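Pasting query.txt here (compact mmCIF, C-alpha atoms):
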# COMPACT_ATOMS: atom_id res chain seq x y z
CA MET A 776 12.76 0.30 -6.96
CA THR A 777 9.10 0.00 -6.08
CA ASP A 778 8.02 -2.06 -3.08
CA ILE A 779 4.87 -4.12 -3.60
CA ALA A 780 2.98 -5.84 -0.78
CA ILE A 781 0.80 -8.87 -1.42
CA VAL A 782 -1.54 -9.55 1.50
CA GLU A 783 -3.14 -12.93 0.86
CA ASP A 784 -3.84 -15.76 3.32
CA GLU A 785 -4.02 -18.52 0.69
CA ARG A 786 -0.45 -19.61 -0.12
CA PHE A 787 -1.33 -20.77 -3.65
CA GLU A 788 -2.88 -17.39 -4.53
CA ALA A 789 0.01 -15.46 -2.93
CA ASP A 790 2.58 -17.49 -4.90
CA LYS A 791 0.59 -16.99 -8.10
CA LEU A 792 0.43 -13.20 -7.61
CA SER A 793 4.10 -13.03 -6.68
CA GLY A 794 5.00 -15.03 -9.78
CA TYR A 795 2.88 -12.79 -12.00
CA VAL A 796 4.58 -9.68 -10.56
CA GLY A 797 7.99 -11.26 -11.18
CA ARG A 798 7.01 -12.10 -14.76
CA PHE A 799 5.70 -8.56 -15.27
CA ALA A 800 8.93 -7.05 -13.91
CA GLY A 801 11.03 -9.22 -16.23
CA GLU A 802 8.95 -8.46 -19.32
CA ARG A 803 8.82 -4.72 -18.67
CA GLY A 804 12.29 -4.23 -17.19
CA LYS A 805 10.85 -2.92 -13.90
CA ASP A 806 12.72 -3.00 -10.59
CA LEU A 807 10.10 -4.36 -8.19
CA ARG A 808 10.51 -5.87 -4.72
CA VAL A 809 7.65 -8.06 -3.50
CA SER A 810 6.81 -8.74 0.15
CA VAL A 811 4.14 -11.38 0.88
CA PHE A 812 2.03 -11.40 4.05
CA ASP A 813 -0.46 -14.09 5.01
CA ASN A 814 -2.47 -11.77 7.26
CA GLY A 815 -3.33 -8.11 7.55
CA LEU A 816 -1.84 -7.56 11.00
CA ASP A 817 1.67 -8.56 9.90
CA PHE A 818 1.32 -6.31 6.87
CA LEU A 819 0.23 -3.32 8.97
CA ASP A 820 3.16 -3.92 11.32
CA SER A 821 5.55 -3.93 8.33
CA MET A 822 4.41 -0.44 7.37
CA ARG A 823 6.45 0.87 10.30
CA ARG A 824 9.59 -0.17 8.39
CA THR A 825 8.66 -0.03 4.70
CA THR A 826 6.84 2.38 2.42
CA TYR A 827 4.99 0.49 -0.31
CA GLY A 828 4.12 1.85 -3.73
CA VAL A 829 1.43 -0.76 -4.41
CA VAL A 830 -0.56 -3.02 -2.09
CA MET A 831 -2.50 -6.02 -3.38
CA LEU A 832 -4.99 -6.97 -0.70
CA ASP A 833 -7.40 -9.88 -0.28
CA ILE A 834 -10.66 -9.04 1.49
CA GLN A 835 -11.55 -12.30 3.23
CA MET A 836 -8.76 -13.19 5.66
CA PRO A 837 -8.49 -14.46 9.23
CA MET A 838 -7.91 -12.10 12.20
CA ILE A 839 -8.74 -8.91 10.28
CA ASP A 840 -10.54 -8.49 6.96
CA GLY A 841 -9.06 -6.62 4.00
CA ILE A 842 -11.47 -3.69 4.20
CA SER A 843 -10.42 -3.04 7.82
CA VAL A 844 -6.77 -3.36 6.82
CA ALA A 845 -7.35 -0.86 4.00
CA ARG A 846 -8.94 1.64 6.40
CA ARG A 847 -5.96 1.40 8.75
CA LEU A 848 -3.61 1.59 5.79
CA ARG A 849 -5.20 4.86 4.68
CA GLU A 850 -4.68 6.33 8.16
CA GLN A 851 -0.96 5.75 7.66
CA ASP A 852 -0.52 6.34 3.95
CA ARG A 853 -2.94 8.15 1.67
CA THR A 854 -0.78 7.82 -1.44
CA VAL A 855 -0.13 4.07 -1.68
CA VAL A 856 -1.92 2.46 -4.62
CA LEU A 857 -4.41 -0.10 -3.34
CA MET A 858 -5.66 -3.03 -5.40
CA PHE A 859 -8.12 -5.57 -4.02
CA VAL A 860 -7.56 -9.12 -5.27
CA THR A 861 -10.60 -11.09 -4.17
CA ASN A 862 -13.63 -13.18 -5.04
CA MET A 863 -15.74 -10.96 -2.75
CA VAL A 864 -17.01 -8.57 -5.46
CA GLN A 865 -19.93 -7.51 -3.27
CA TYR A 866 -17.41 -5.32 -1.37
CA ALA A 867 -16.53 -3.24 -4.43
CA VAL A 868 -18.56 -0.27 -3.16
CA GLU A 869 -16.60 -0.25 0.11
CA GLY A 870 -13.45 -0.17 -2.00
CA TYR A 871 -14.34 3.36 -3.05
CA ASP A 872 -14.30 4.46 0.60
CA VAL A 873 -10.63 3.49 0.87
CA GLU A 874 -9.77 4.77 -2.61
CA ALA A 875 -8.92 1.41 -4.14
CA MET A 876 -7.57 1.77 -7.67
CA ALA A 877 -8.78 -1.62 -8.83
CA PHE A 878 -10.62 -4.83 -8.04
CA ILE A 879 -9.13 -7.97 -9.53
CA VAL A 880 -11.48 -10.93 -9.32
CA LYS A 881 -10.11 -14.41 -8.58
CA PRO A 882 -9.08 -16.51 -10.33
CA VAL A 883 -6.53 -13.92 -11.42
CA SER A 884 -5.30 -13.96 -14.99
CA TYR A 885 -1.85 -12.65 -15.87
CA SER A 886 -3.21 -10.29 -18.52
CA ASP A 887 -5.69 -8.67 -16.11
CA LEU A 888 -3.06 -8.27 -13.40
CA ALA A 889 -0.46 -6.90 -15.84
CA PHE A 890 -2.90 -4.31 -17.23
CA LYS A 891 -3.86 -3.05 -13.77
CA LEU A 892 -0.34 -3.26 -12.38
CA GLU A 893 0.95 -1.06 -15.22
CA LYS A 894 -1.56 1.61 -14.22
CA ALA A 895 -0.81 1.16 -10.51
CA LEU A 896 2.92 1.60 -11.05
CA PHE A 897 2.32 4.74 -13.12
CA ILE A 898 0.28 6.21 -10.25
CA ALA A 899 2.81 5.07 -7.63
CA GLU A 900 5.63 6.75 -9.57
CA ARG A 901 3.64 9.97 -9.80
CA ASN A 902 2.86 9.77 -6.08
CA THR A 903 6.56 9.57 -5.17
CA HIS A 904 6.95 13.06 -6.63
CA ASP A 905 3.98 14.36 -4.62
CA SER A 906 5.03 12.95 -1.25
CA ILE A 907 7.87 12.86 1.22
CA THR A 908 8.95 9.93 3.38
CA ILE A 909 9.86 10.73 6.99
CA THR A 910 11.66 8.33 9.33
CA SER A 911 11.91 8.47 13.10
CA GLY A 912 13.84 5.56 14.57
CA SER A 913 12.32 2.45 13.00
CA LEU A 914 9.05 4.20 12.10
CA ILE A 915 8.44 5.28 8.50
CA LYS A 916 5.62 7.57 7.37
CA ARG A 917 4.81 8.95 3.94
CA LEU A 918 3.27 12.43 3.90
CA HIS A 919 1.49 13.91 0.91
CA ILE A 920 3.15 17.29 0.26
CA ALA A 921 -0.19 19.04 -0.25
CA ASP A 922 -1.26 17.90 3.24
CA ILE A 923 1.67 19.57 5.03
CA SER A 924 0.69 22.92 6.51
CA HIS A 925 3.99 23.69 8.27
CA ILE A 926 6.99 22.18 10.05
CA GLU A 927 8.03 23.22 13.53
CA SER A 928 11.44 22.66 15.12
CA ILE A 929 11.59 22.43 18.92
CA LYS A 930 14.90 21.48 20.53
CA HIS A 931 15.77 18.06 19.08
CA SER A 932 12.49 17.32 17.34
CA MET A 933 10.57 18.36 14.26
CA ILE A 934 6.79 18.45 14.26
CA TRP A 935 5.17 18.03 10.87
CA HIS A 936 1.69 19.58 10.94
CA THR A 937 -0.52 17.95 8.32
CA ALA A 938 -4.17 17.70 7.35
CA GLY A 939 -4.22 14.20 8.87
CA GLY A 940 -2.68 15.27 12.18
CA ASP A 941 0.75 16.00 13.59
CA PHE A 942 3.80 13.76 13.19
CA THR A 943 6.85 14.22 15.44
CA VAL A 944 10.35 13.19 14.47
CA TRP A 945 12.92 12.95 17.27
CA ASN A 946 16.60 13.43 16.65

How does the structure come out when it is put into structure tokens?
Amino acid sequence: MTDIAIVEDERFEADKLSGYVGRFAGERGKDLRVSVFDNGLDFLDSMRRTTYGVVMLDIQMPMIDGISVARRLREQDRTVVLMFVTNMVQYAVEGYDVEAMAFIVKPVSYSDLAFKLEKALFIAERNTHDSITITSGSLIKRLHIADISHIESIKHSMIWHTAGGDFTVWN
């Protein structure tokens, strides 16, 4: 099963995307679980409990914009496939900074979403083979295997030393 997050403050757009993903899953026989968030802060908080394969992210939202959410997302997870779904095409260049796979311009058509989602799921599947998911209590973190330099065991904890910093897991 692949977890997909839709981060969209407009209920109509979020329902439309969720419906398109459901249709795509049914047509292609994919096992997908969709979580919908109406703001970026709730989504970022959810990353402590869930590892997503694909994130569909609006740019213009209240409290925190999608580009800022994407930057914080990348601090936590370098392998998640990021797709911006927005009418703010002028931010496409900033999308490269956070390694967005795609920009889908609103209004979203099913055919455009399906084409890009197929590619996103292919990448997400490949990424699951190149990463490891570590849990510590209720915190979940995905580490790219190539980023791990070494693992240290001290008493009842393991310290994962990675290119992005150290991550400690307590027993």

Pick from A:Leu816, A:Met776, A:Met858, A:Met876: nearest to Val844 in chain A, with all atoms listed in the file counted? A:Leu816

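Reported to one decimal place, the separation of CA of Lys791 in chain A from CA of Gly804 in chain A is 19.6 Å.
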
CA of Tyr795 in chain A to CA of Ser884 in chain A, distance in Å rounded to a single decimal: 8.8 Å

I want to know what sits within 7 Å of range 820-824 of chain A, based on only C-alpha atoms, with residues of the same chain fewer than 2 positions away left out; could you give that as a PyMOL selection string? chain A and resi 816-818+826+913-915

Of the listed residues A:Ala875, A:Ala889, A:Gln851, A:Leu819, that which approaches Phe942 in chain A most closely, counting only C-alpha atoms: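 Closest to Phe942 in chain A of all the choices is A:Gln851.
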
Which residues are close to Gly940 in chain A, i.e. within 12 Å by all atoms listed in the file, leaving aside same-chain residues fewer than 3 positions away? Reply as a PDB file with C-alpha atoms, keeping the file's coordinate frame.
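Once everything was written out, this is around.pdb:
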ATOM      1  CA  GLU A 850      -4.680   6.330   8.160  1.00  0.00           C
ATOM      2  CA  GLN A 851      -0.960   5.750   7.660  1.00  0.00           C
ATOM      3  CA  LEU A 918       3.270  12.430   3.900  1.00  0.00           C
ATOM      4  CA  ASP A 922      -1.260  17.900   3.240  1.00  0.00           C
ATOM      5  CA  ILE A 923       1.670  19.570   5.030  1.00  0.00           C
ATOM      6  CA  SER A 924       0.690  22.920   6.510  1.00  0.00           C
ATOM      7  CA  HIS A 925       3.990  23.690   8.270  1.00  0.00           C
ATOM      8  CA  ILE A 934       6.790  18.450  14.260  1.00  0.00           C
ATOM      9  CA  TRP A 935       5.170  18.030  10.870  1.00  0.00           C
ATOM     10  CA  HIS A 936       1.690  19.580  10.940  1.00  0.00           C
ATOM     11  CA  THR A 937      -0.520  17.950   8.320  1.00  0.00           C
ATOM     12  CA  THR A 943       6.850  14.220  15.440  1.00  0.00           C
TER      13      THR A 943
END

By how many Å are CA of Tyr885 in chain A and CA of Arg847 in chain A apart? 28.6 Å

Tell me which of A:Ile834, A:Asp790, A:Glu900, A:Gly939 sits closest to Arg849 in chain A, counting only C-alpha atoms. A:Gly939

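Protein and nucleic acid residues near (3.4, 3.5, -9.8) are Thr777, Asp778, Ile779, Gly828, Val829, Val855, Val856, Leu892, Glu893, Lys894, Ala895, Leu896, Phe897, Ile898, Ala899, Glu900, Arg901, Asn902 and Thr903 of chain A, the criterion being any atom at most 10 Å away using all atoms listed in the file.
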
Would you list the contacts of Asp833 in chain A as a PyMOL selection string, taking every protein, DNA or RNA residue within 7 Å and counting only C-alpha atoms, but skipping same-chain residues closer than 3 positions in sequence? chain A and resi 782-783+836+841+859-861

Please list, as a ChimeraX atom specification, the residues that have an atom at most 6 Å away from (-9.8, -4.3, -10.7) in the coordinates of this file, counting all atoms listed in the file. /A:877-879

So, counting all atoms listed in the file, which residue among A:Val811, A:Gln865, A:Thr825, A:Asp806 is closest to Arg786 in chain A?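 So, comparing all the options, the nearest one is A:Val811.
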
Among listed residues A:Ala867, A:Ala800, A:Leu848, A:Met838, nearest Asn814 in chain A (using all atoms listed in the file):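 Of A:Ala867, A:Ala800, A:Leu848, A:Met838, the one nearest Asn814 in chain A, counting all atoms listed in the file, is A:Met838.
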
Nearest residue to Ser911 in chain A from the set A:Phe890, A:Trp945, A:Tyr866, A:Phe787 (distances using only C-alpha atoms):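 For Ser911 in chain A, the nearest of the candidates is A:Trp945.
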